[in-house]
>>> print(open('entry.cif').read())   # mmCIF, C-alpha atoms and all ligand atoms
data_query
#
loop_
_atom_site.label_atom_id
_atom_site.label_comp_id
_atom_site.auth_asym_id
_atom_site.auth_seq_id
_atom_site.Cartn_x
_atom_site.Cartn_y
_atom_site.Cartn_z
CA MET A 368 1.29 28.83 81.38
CA LYS A 369 0.03 27.72 84.81
CA LYS A 370 -3.35 29.28 85.61
CA ARG A 371 -5.76 29.30 88.53
CA TYR A 372 -9.20 28.19 87.30
CA LEU A 373 -12.51 28.50 89.08
CA VAL A 374 -14.85 25.63 88.19
CA THR A 375 -18.42 26.11 89.42
CA GLY A 376 -20.29 22.83 89.67
CA GLY A 377 -16.88 21.18 89.99
CA ALA A 378 -18.18 18.29 92.12
CA GLY A 379 -20.72 17.27 89.47
CA PHE A 380 -20.42 14.80 86.62
CA LEU A 381 -18.81 17.07 84.01
CA GLY A 382 -17.21 19.41 86.55
CA SER A 383 -15.22 16.64 88.26
CA HIS A 384 -13.80 15.47 84.91
CA LEU A 385 -12.90 19.07 84.05
CA CYS A 386 -11.14 19.65 87.42
CA GLU A 387 -9.20 16.43 86.89
CA ARG A 388 -8.15 17.48 83.38
CA LEU A 389 -7.07 21.00 84.42
CA LEU A 390 -4.95 19.62 87.28
CA LYS A 391 -3.41 17.08 84.90
CA ASP A 392 -2.50 19.95 82.56
CA GLY A 393 -0.57 21.58 85.45
CA HIS A 394 -3.10 24.22 86.55
CA GLU A 395 -4.58 25.15 89.93
CA VAL A 396 -8.28 24.57 90.46
CA LEU A 397 -10.79 26.13 92.82
CA CYS A 398 -13.90 23.94 92.77
CA VAL A 399 -17.07 25.72 93.92
CA ASP A 400 -20.17 23.62 94.53
CA ASN A 401 -23.23 23.53 96.78
CA PHE A 402 -23.39 19.72 96.48
CA PHE A 403 -27.01 19.71 95.29
CA THR A 404 -26.42 17.06 92.62
CA GLY A 405 -22.65 16.76 92.90
CA ASN A 406 -20.87 14.88 95.64
CA LYS A 407 -17.49 14.49 97.30
CA GLN A 408 -17.08 10.99 95.92
CA ASN A 409 -16.59 12.55 92.46
CA ILE A 410 -13.59 14.60 93.63
CA VAL A 411 -12.22 12.62 96.57
CA HIS A 412 -9.29 11.38 94.44
CA LEU A 413 -8.26 15.01 93.84
CA MET A 414 -8.31 16.08 97.50
CA ASP A 415 -4.67 15.19 98.17
CA ASN A 416 -3.49 17.49 95.37
CA PRO A 417 -2.25 20.76 96.96
CA TYR A 418 -3.29 22.65 93.82
CA PHE A 419 -6.94 21.60 94.26
CA GLU A 420 -9.25 23.53 96.58
CA VAL A 421 -12.95 23.03 97.32
CA LEU A 422 -15.38 25.71 98.47
CA ARG A 423 -18.97 24.90 99.46
CA HIS A 424 -20.92 27.81 98.01
CA ASP A 425 -24.19 28.45 96.18
CA ILE A 426 -23.53 30.64 93.12
CA THR A 427 -26.89 32.38 93.47
CA PHE A 428 -24.95 34.39 96.10
CA PRO A 429 -22.00 36.65 95.20
CA LEU A 430 -18.52 35.21 95.40
CA PHE A 431 -15.26 37.08 95.93
CA VAL A 432 -12.16 35.10 95.00
CA GLU A 433 -9.06 35.76 92.89
CA VAL A 434 -8.65 33.52 89.83
CA ASP A 435 -7.40 33.74 86.21
CA ALA A 436 -10.46 32.30 84.41
CA ILE A 437 -13.88 30.84 85.18
CA PHE A 438 -15.67 27.72 83.93
CA ASN A 439 -19.33 28.16 84.91
CA LEU A 440 -20.91 24.69 85.06
CA ALA A 441 -23.06 24.92 88.19
CA CYS A 442 -26.64 23.86 87.44
CA PRO A 443 -28.51 20.59 87.82
CA ALA A 444 -28.62 19.00 84.36
CA SER A 445 -31.03 16.08 84.54
CA PRO A 446 -34.76 16.76 84.12
CA VAL A 447 -35.54 14.96 87.41
CA HIS A 448 -33.13 17.19 89.35
CA TYR A 449 -33.79 20.50 87.62
CA GLN A 450 -37.56 20.01 88.01
CA PHE A 451 -37.22 19.13 91.73
CA ASP A 452 -36.88 22.84 92.65
CA PRO A 453 -37.55 24.73 89.40
CA VAL A 454 -37.33 28.19 90.97
CA GLN A 455 -33.86 27.41 92.32
CA THR A 456 -32.91 26.08 88.84
CA THR A 457 -33.76 29.40 87.19
CA LYS A 458 -31.99 31.27 90.00
CA THR A 459 -28.88 29.16 89.53
CA SER A 460 -28.78 29.87 85.80
CA VAL A 461 -29.68 33.55 85.94
CA LEU A 462 -28.47 34.89 89.32
CA GLY A 463 -25.54 32.46 89.12
CA ALA A 464 -24.57 33.87 85.71
CA ILE A 465 -24.90 37.46 86.99
CA ASN A 466 -22.67 36.69 89.99
CA MET A 467 -20.03 34.87 87.94
CA LEU A 468 -20.07 37.50 85.19
CA GLY A 469 -19.68 40.18 87.86
CA LEU A 470 -16.66 38.33 89.22
CA ALA A 471 -15.17 38.03 85.72
CA LYS A 472 -15.80 41.74 85.12
CA ARG A 473 -14.07 42.81 88.35
CA LEU A 474 -11.07 40.59 87.58
CA ARG A 475 -11.11 41.23 83.79
CA ILE A 476 -10.81 37.50 83.11
CA PRO A 477 -12.35 35.10 80.54
CA ILE A 478 -15.49 33.23 81.49
CA PHE A 479 -16.84 30.01 79.98
CA GLN A 480 -20.52 29.08 80.06
CA ALA A 481 -21.86 25.52 79.96
CA SER A 482 -24.99 26.14 77.91
CA THR A 483 -27.07 23.38 76.42
CA SER A 484 -28.80 21.95 73.37
CA GLU A 485 -31.99 22.58 75.40
CA VAL A 486 -31.83 26.20 74.17
CA TYR A 487 -33.14 24.68 70.90
CA GLY A 488 -36.16 23.23 72.79
CA ASP A 489 -38.14 20.70 70.74
CA PRO A 490 -36.41 21.61 67.46
CA GLU A 491 -38.22 22.01 64.12
CA ILE A 492 -34.86 22.03 62.34
CA HIS A 493 -32.79 18.87 62.21
CA PRO A 494 -29.87 18.62 62.84
CA GLN A 495 -29.40 21.80 64.86
CA PRO A 496 -26.84 24.46 63.82
CA GLU A 497 -25.91 27.33 66.18
CA SER A 498 -27.91 29.74 64.00
CA TYR A 499 -31.19 27.97 64.87
CA ARG A 500 -33.11 30.04 67.42
CA GLY A 501 -35.03 27.22 68.99
CA SER A 502 -38.55 26.26 69.91
CA VAL A 503 -38.97 26.39 73.67
CA ASN A 504 -42.25 26.33 75.60
CA PRO A 505 -41.69 29.20 78.06
CA ILE A 506 -44.29 27.95 80.55
CA GLY A 507 -43.66 24.21 80.42
CA ILE A 508 -41.96 21.99 82.98
CA ARG A 509 -38.59 22.15 81.18
CA ALA A 510 -38.68 25.96 80.95
CA CYS A 511 -36.90 26.57 84.29
CA TYR A 512 -33.84 24.96 82.72
CA ASP A 513 -34.24 25.92 79.04
CA GLU A 514 -35.22 29.54 79.61
CA GLY A 515 -32.72 29.90 82.47
CA LYS A 516 -29.95 28.78 80.14
CA ARG A 517 -31.23 31.02 77.33
CA CYS A 518 -31.27 34.02 79.68
CA ALA A 519 -27.74 33.13 80.83
CA GLU A 520 -26.61 33.24 77.18
CA THR A 521 -28.24 36.66 76.83
CA LEU A 522 -26.37 37.89 79.91
CA PHE A 523 -23.07 36.53 78.60
CA PHE A 524 -23.48 38.30 75.27
CA ASP A 525 -24.60 41.56 76.91
CA TYR A 526 -21.59 41.54 79.27
CA HIS A 527 -19.45 40.89 76.19
CA ARG A 528 -20.96 43.81 74.22
CA GLN A 529 -21.42 46.21 77.13
CA HIS A 530 -18.35 45.46 79.27
CA LYS A 531 -16.03 43.94 76.64
CA LEU A 532 -15.81 40.75 78.67
CA SER A 533 -14.12 37.74 77.07
CA ILE A 534 -16.79 35.01 76.90
CA LYS A 535 -16.76 31.40 75.75
CA VAL A 536 -20.19 29.83 75.31
CA VAL A 537 -20.64 26.14 74.47
CA ARG A 538 -23.93 24.36 73.83
CA ILE A 539 -23.54 20.85 75.19
CA PHE A 540 -25.52 17.96 73.71
CA ASN A 541 -26.32 14.82 75.77
CA THR A 542 -23.10 13.67 77.39
CA TYR A 543 -22.58 10.48 79.39
CA GLY A 544 -19.83 8.57 81.17
CA PRO A 545 -18.44 7.54 84.56
CA ARG A 546 -19.60 9.64 87.57
CA MET A 547 -23.09 10.26 86.24
CA HIS A 548 -25.36 10.18 89.27
CA PRO A 549 -26.97 6.69 89.32
CA GLN A 550 -30.34 8.17 90.33
CA ASP A 551 -30.37 11.34 88.29
CA GLY A 552 -32.87 9.93 85.83
CA ARG A 553 -30.92 10.61 82.64
CA VAL A 554 -31.42 7.99 80.04
CA VAL A 555 -27.93 6.44 79.82
CA SER A 556 -27.47 6.10 83.60
CA ASN A 557 -31.07 4.92 84.05
CA PHE A 558 -30.80 2.18 81.43
CA ILE A 559 -27.42 0.93 82.68
CA VAL A 560 -28.48 0.90 86.35
CA GLN A 561 -31.73 -0.88 85.40
CA ALA A 562 -29.93 -3.42 83.19
CA LEU A 563 -27.29 -4.21 85.82
CA GLY A 564 -29.96 -4.58 88.51
CA GLY A 565 -32.17 -6.84 86.37
CA GLN A 566 -34.94 -4.21 86.57
CA PRO A 567 -37.22 -3.33 83.63
CA ILE A 568 -35.75 -0.81 81.18
CA THR A 569 -38.12 2.19 81.20
CA ILE A 570 -38.64 3.69 77.75
CA TYR A 571 -40.73 6.87 77.80
CA GLY A 572 -43.06 7.04 74.80
CA GLN A 573 -42.42 4.61 71.94
CA GLY A 574 -38.64 5.07 72.08
CA SER A 575 -38.62 6.63 68.60
CA GLN A 576 -37.33 10.00 69.91
CA THR A 577 -33.65 10.50 69.14
CA ARG A 578 -30.59 11.77 70.97
CA SER A 579 -26.90 11.98 70.04
CA PHE A 580 -24.61 10.84 72.85
CA CYS A 581 -21.14 12.24 73.48
CA PHE A 582 -18.63 10.51 75.77
CA VAL A 583 -17.35 12.73 78.57
CA SER A 584 -13.63 12.72 77.64
CA ASP A 585 -14.46 14.02 74.13
CA LEU A 586 -16.54 16.82 75.62
CA ILE A 587 -13.86 17.89 78.12
CA GLU A 588 -11.33 18.10 75.28
CA GLY A 589 -13.79 20.47 73.55
CA PHE A 590 -14.08 22.59 76.74
CA VAL A 591 -10.30 23.01 76.99
CA ARG A 592 -9.95 23.85 73.29
CA MET A 593 -12.75 26.40 73.59
CA MET A 594 -11.18 28.12 76.61
CA ASN A 595 -7.82 28.25 74.75
CA SER A 596 -9.30 29.45 71.44
CA SER A 597 -8.61 32.92 70.09
CA ALA A 598 -10.12 35.74 72.17
CA ASP A 599 -12.45 36.89 69.38
CA PHE A 600 -14.22 33.51 69.29
CA THR A 601 -17.14 33.77 71.72
CA GLY A 602 -19.32 30.92 70.45
CA PRO A 603 -21.99 29.81 70.94
CA VAL A 604 -20.55 26.58 69.62
CA ASN A 605 -22.23 23.17 69.66
CA LEU A 606 -20.28 20.39 71.36
CA GLY A 607 -21.71 16.91 70.96
CA ASN A 608 -21.50 13.69 69.03
CA PRO A 609 -23.49 13.81 65.78
CA ASP A 610 -24.12 10.02 65.78
CA GLU A 611 -27.87 9.87 66.34
CA PHE A 612 -29.78 6.97 67.95
CA THR A 613 -33.37 6.32 68.91
CA ILE A 614 -33.97 5.69 72.60
CA LEU A 615 -35.12 2.16 71.69
CA GLN A 616 -31.78 1.53 69.95
CA LEU A 617 -29.98 2.77 73.05
CA ALA A 618 -32.00 0.42 75.27
CA GLN A 619 -31.21 -2.54 73.00
CA LYS A 620 -27.50 -1.65 72.95
CA VAL A 621 -27.36 -1.43 76.77
CA ILE A 622 -29.13 -4.79 77.15
CA GLU A 623 -26.71 -6.37 74.68
CA LEU A 624 -23.55 -4.93 76.29
CA THR A 625 -24.59 -5.76 79.86
CA LYS A 626 -25.92 -9.20 78.78
CA SER A 627 -28.92 -8.31 80.92
CA SER A 628 -32.14 -10.28 81.12
CA SER A 629 -34.10 -7.04 81.69
CA LYS A 630 -37.22 -6.51 79.61
CA ILE A 631 -38.25 -3.21 78.06
CA VAL A 632 -41.36 -1.49 79.49
CA TYR A 633 -43.04 1.54 77.96
CA GLN A 634 -44.10 4.52 80.10
CA PRO A 635 -45.73 7.86 79.19
CA LEU A 636 -43.58 10.44 77.42
CA PRO A 637 -42.98 13.48 79.69
CA GLN A 638 -44.37 16.86 78.60
CA ASP A 639 -42.25 18.82 76.08
CA ASP A 640 -39.78 15.94 75.63
CA PRO A 641 -37.86 16.83 72.42
CA LEU A 642 -38.56 14.38 69.58
CA GLN A 643 -35.15 14.67 67.96
CA ARG A 644 -31.73 16.08 68.72
CA LYS A 645 -28.47 16.03 66.80
CA PRO A 646 -25.76 18.71 66.65
CA VAL A 647 -24.21 20.28 63.59
CA ILE A 648 -20.55 20.50 64.66
CA ASP A 649 -19.01 22.23 61.64
CA LEU A 650 -18.19 25.32 63.71
CA ALA A 651 -16.37 23.30 66.40
CA ARG A 652 -14.46 21.47 63.66
CA GLU A 653 -13.45 24.72 62.00
CA LYS A 654 -12.68 26.92 65.04
CA LEU A 655 -11.46 24.33 67.54
CA GLY A 656 -10.25 21.50 65.30
CA TRP A 657 -12.52 19.36 67.49
CA GLN A 658 -14.68 16.34 66.85
CA PRO A 659 -15.69 13.36 68.99
CA THR A 660 -13.52 10.25 68.79
CA ILE A 661 -15.38 7.74 71.01
CA LYS A 662 -18.12 5.60 69.46
CA LEU A 663 -21.29 5.00 71.49
CA GLU A 664 -20.52 1.32 72.04
CA ASP A 665 -17.00 2.03 73.39
CA GLY A 666 -18.25 4.80 75.66
CA LEU A 667 -21.07 2.60 76.94
CA ILE A 668 -18.61 -0.19 77.77
CA LYS A 669 -16.55 2.22 79.93
CA THR A 670 -19.68 3.60 81.59
CA ILE A 671 -21.04 0.12 82.31
CA GLU A 672 -17.69 -0.83 83.90
CA TYR A 673 -17.94 2.25 86.13
CA PHE A 674 -21.48 1.44 87.30
CA ARG A 675 -20.60 -2.24 87.80
CA SER A 676 -17.79 -1.28 90.18
CA SER A 677 -19.58 1.57 91.97
CA LEU A 678 -23.15 0.33 92.51
P1 LIG A 701 -24.45 17.67 87.48
O1 LIG A 701 -25.79 17.81 88.07
O2 LIG A 701 -23.70 16.40 87.69
O3 LIG A 701 -23.48 18.85 87.96
C1 LIG A 701 -23.93 20.11 88.30
C2 LIG A 701 -23.14 20.57 89.52
O4 LIG A 701 -23.55 21.90 89.88
C3 LIG A 701 -23.39 19.70 90.76
O5 LIG A 701 -22.17 19.39 91.39
C4 LIG A 701 -24.27 20.57 91.66
O6 LIG A 701 -24.14 20.27 93.02
C5 LIG A 701 -23.76 21.95 91.28
N1 LIG A 701 -24.72 23.04 91.54
C6 LIG A 701 -26.04 23.08 91.20
N2 LIG A 701 -26.58 24.24 91.59
C7 LIG A 701 -25.58 24.97 92.17
C8 LIG A 701 -25.52 26.25 92.77
N3 LIG A 701 -26.59 27.03 92.85
N4 LIG A 701 -24.33 26.66 93.29
C9 LIG A 701 -23.23 25.87 93.22
N5 LIG A 701 -23.24 24.64 92.68
C10 LIG A 701 -24.41 24.20 92.16
O7 LIG A 701 -24.61 17.97 85.92
P2 LIG A 701 -23.55 17.88 84.71
O8 LIG A 701 -24.05 16.89 83.75
O9 LIG A 701 -22.18 17.75 85.24
O10 LIG A 701 -23.75 19.32 84.07
C11 LIG A 701 -22.81 20.37 84.25
C12 LIG A 701 -23.22 21.57 83.40
O11 LIG A 701 -23.27 21.20 82.03
C13 LIG A 701 -24.60 22.12 83.75
O12 LIG A 701 -24.55 23.53 83.68
C14 LIG A 701 -25.48 21.57 82.65
O13 LIG A 701 -26.57 22.41 82.41
C15 LIG A 701 -24.53 21.51 81.47
N6 LIG A 701 -24.96 20.50 80.50
C16 LIG A 701 -24.75 19.17 80.72
C17 LIG A 701 -25.18 18.24 79.77
C18 LIG A 701 -24.96 16.77 79.93
O14 LIG A 701 -25.38 16.00 79.05
N7 LIG A 701 -24.28 16.29 80.94
C19 LIG A 701 -25.85 18.68 78.62
C20 LIG A 701 -26.07 20.04 78.45
C21 LIG A 701 -25.61 20.94 79.38
N1 LIG A 702 -35.84 8.51 78.70
C1 LIG A 702 -36.40 7.24 78.67
N2 LIG A 702 -36.29 6.48 79.78
C2 LIG A 702 -35.64 6.87 80.91
C3 LIG A 702 -35.05 8.16 80.93
C4 LIG A 702 -35.18 8.96 79.81
O1 LIG A 702 -36.99 6.82 77.68
O2 LIG A 702 -35.57 6.10 81.88
C5 LIG A 702 -35.92 9.34 77.49
C6 LIG A 702 -36.44 10.75 77.73
O3 LIG A 702 -37.85 10.77 77.68
C7 LIG A 702 -35.80 11.50 76.58
C8 LIG A 702 -34.47 10.79 76.37
O4 LIG A 702 -34.60 9.51 76.99
O5 LIG A 702 -36.57 11.36 75.39
C9 LIG A 702 -33.29 11.52 76.98
O6 LIG A 702 -33.62 11.83 78.30
P1 LIG A 702 -32.61 12.51 79.32
O7 LIG A 702 -33.39 12.77 80.57
O8 LIG A 702 -31.38 11.69 79.43
O9 LIG A 702 -32.16 13.88 78.64
P2 LIG A 702 -32.88 15.01 77.78
O10 LIG A 702 -32.16 14.95 76.49
O11 LIG A 702 -34.34 14.71 77.61
O12 LIG A 702 -32.64 16.25 78.56
#
>>> encode(input="entry.cif", output="structure tokens")
Amino acid sequence: MKKRYLVTGGAGFLGSHLCERLLKDGHEVLCVDNFFTGNKQNIVHLMDNPYFEVLRHDITFPLFVEVDAIFNLACPASPVHYQFDPVQTTKTSVLGAINMLGLAKRLRIPIFQASTSEVYGDPEIHPQPESYRGSVNPIGIRACYDEGKRCAETLFFDYHRQHKLSIKVVRIFNTYGPRMHPQDGRVVSNFIVQALGGQPITIYGQGSQTRSFCFVSDLIEGFVRMMNSSADFTGPVNLGNPDEFTILQLAQKVIELTKSSSKIVYQPLPQDDPLQRKPVIDLAREKLGWQPTIKLEDGLIKTIEYFRSSL
């Protein structure tokens, strides 16, 4: 059935892919964004579609619109951007969640939250299942994001218990692909931009820390399945690719695929940088019939093509 979806953060990396997918599935989309890290370039190809609408708005302020369901994605996601104005980051997660939950409560509609593997902090348990409660430094430089997202989860579950709101919470693990911001400092975009520009590839620490990288189209499929899952399934559910790589392996792979002459340089590891990260996705498999299909190498090739044509 045709629905009208609100996508906050719709001009960002993930949000723009989600808007595109929802329109392709025959729905209407209201994209709300303050263009802090998102930009019009990401959604310009959707502007001609009469079922796509854009509203410049900061979700730390209340919003009154009429829609059938909400995807709440608004929040800077890269450490460089979320640490640029940490107070605003916490406000976006917490006040933004309160405003969007209030909207969902007034309209009695389902609301989806883009949470993160960062709620697990620097995890002592590996790989991370949803039952793991995390190890976050509440006063560190990543806390504005990690604790903001944890508090948003708390709010979602309290609105669910207290106001019987239908909630859908996903914990996203590192996702990459076309339309990542070239300067947002995340590792995949950084390495590709550096490799294509013949600049040194900057590994923080020894490069032995691990991440598990999910290609954007796989993740968006998980979002849609989660929103359409049975009403009693609230999550939180991990969405990510369980194939784990060290950052050094990623650097070598990017150099190989771009045929770059860039050399690797080692820089200090930022404070509280998690040493390892890999999702357990049994719950997503069971409840959503979902698992990633795109191997790192194939996803990197598509992402490299994007940066080659857009830089
Ligand atoms: P992004 O920075 O590309 O997109 C975030 C979007 O939100 C941008 O368009 C930005 O302008 C907008 N925004 C920020 N603050 C806002 C505010 N106060 N009001 C309105 N709009 C605002 O990041 P992304 O990678 O697309 O991430 C989207 C969501 O997914 C975020 O909530 C992020 O925490 C979550 N997430 C992403 C990843 C990942 O690997 N990409 C991992 C875990 C969680
Ligand atoms: N990283 C790196 N070089 C870079 C950017 C990031 O070595 O140019 C490392 C970073 O220290 C972290 C990992 O890559 O260990 C992933 O960083 P990113 O910022 O992409 O996401 P995170 O998972 O840390 O939020």
>>> residues_around(input="entry.cif", residues="range 609-613 of chain A", least_positions_apart="4", cutoff="7 Å", atoms="all atoms listed in the file", output="ChimeraX atom specification")
/A:574-579,617,645-647
>>> residues_near_point(input="entry.cif", point="(-30.4, 32.0, 77.0)", cutoff="12 Å", atoms="only C-alpha atoms", output="MDAnalysis selection string")
chainID A and resid 457 460:461 464 480:488 500:501 503 505 510:525 536:538 603
>>> residues_near_ligand(input="entry.cif", ligand="ligand LIG 702 (chain A)", cutoff="6 Å", atoms="all atoms listed in the file", output="MDAnalysis selection string")
chainID A and resid 445:446 541 552:554 557 569:571 576 614 636 640
>>> residues_near_ligand(input="entry.cif", ligand="ligand LIG 701 (chain A)", cutoff="7 Å", atoms="only C-alpha atoms and all ligand atoms", output="NGL selection string")
:A and (375-382 or 399-406 or 424-427 or 440-445 or 459 or 463 or 481-484 or 538-543 or 547-548)
>>> atom_distance(input="entry.cif", atom1="CA of Ser597 in chain A", atom2="CA of Ile661 in chain A")
26.1 Å
>>> residues_around(input="entry.cif", residues="Ala651 in chain A", least_positions_apart="6", cutoff="12 Å", atoms="all atoms listed in the file", output="list in words")
Pro496, Glu497, Val536, Val537, Arg538, Ile539, Leu586, Glu588, Gly589, Phe590, Arg592, Met593, Ser596, Phe600, Thr601, Gly602, Pro603, Val604, Asn605, Leu606, Gly607, Asn608, Pro609, Trp657, Gln658 and Pro659 of chain A
>>> write_last_selection(input="entry.cif", atoms="C-alpha atoms", output="compact mmCIF listing (two decimals), in the coordinates of the input")
# COMPACT_ATOMS: atom_id res chain seq x y z
CA PRO A 496 -26.84 24.46 63.82
CA GLU A 497 -25.91 27.33 66.18
CA VAL A 536 -20.19 29.83 75.31
CA VAL A 537 -20.64 26.14 74.47
CA ARG A 538 -23.93 24.36 73.83
CA ILE A 539 -23.54 20.85 75.19
CA LEU A 586 -16.54 16.82 75.62
CA GLU A 588 -11.33 18.10 75.28
CA GLY A 589 -13.79 20.47 73.55
CA PHE A 590 -14.08 22.59 76.74
CA ARG A 592 -9.95 23.85 73.29
CA MET A 593 -12.75 26.40 73.59
CA SER A 596 -9.30 29.45 71.44
CA PHE A 600 -14.22 33.51 69.29
CA THR A 601 -17.14 33.77 71.72
CA GLY A 602 -19.32 30.92 70.45
CA PRO A 603 -21.99 29.81 70.94
CA VAL A 604 -20.55 26.58 69.62
CA ASN A 605 -22.23 23.17 69.66
CA LEU A 606 -20.28 20.39 71.36
CA GLY A 607 -21.71 16.91 70.96
CA ASN A 608 -21.50 13.69 69.03
CA PRO A 609 -23.49 13.81 65.78
CA TRP A 657 -12.52 19.36 67.49
CA GLN A 658 -14.68 16.34 66.85
CA PRO A 659 -15.69 13.36 68.99
>>> atom_distance(input="entry.cif", atom1="CA of Asp435 in chain A", atom2="CA of Arg473 in chain A")
11.5 Å
>>> atom_distance(input="entry.cif", atom1="CA of Phe419 in chain A", atom2="CA of Val396 in chain A")
5.0 Å
>>> residues_around(input="entry.cif", residues="Ser677 in chain A", least_positions_apart="5", cutoff="12 Å", atoms="all atoms listed in the file", output="list in words")
Gln408, Asn409, Pro545, Arg546, Met547, His548, Pro549, Val560, Leu563, Thr670, Ile671 and Glu672 of chain A
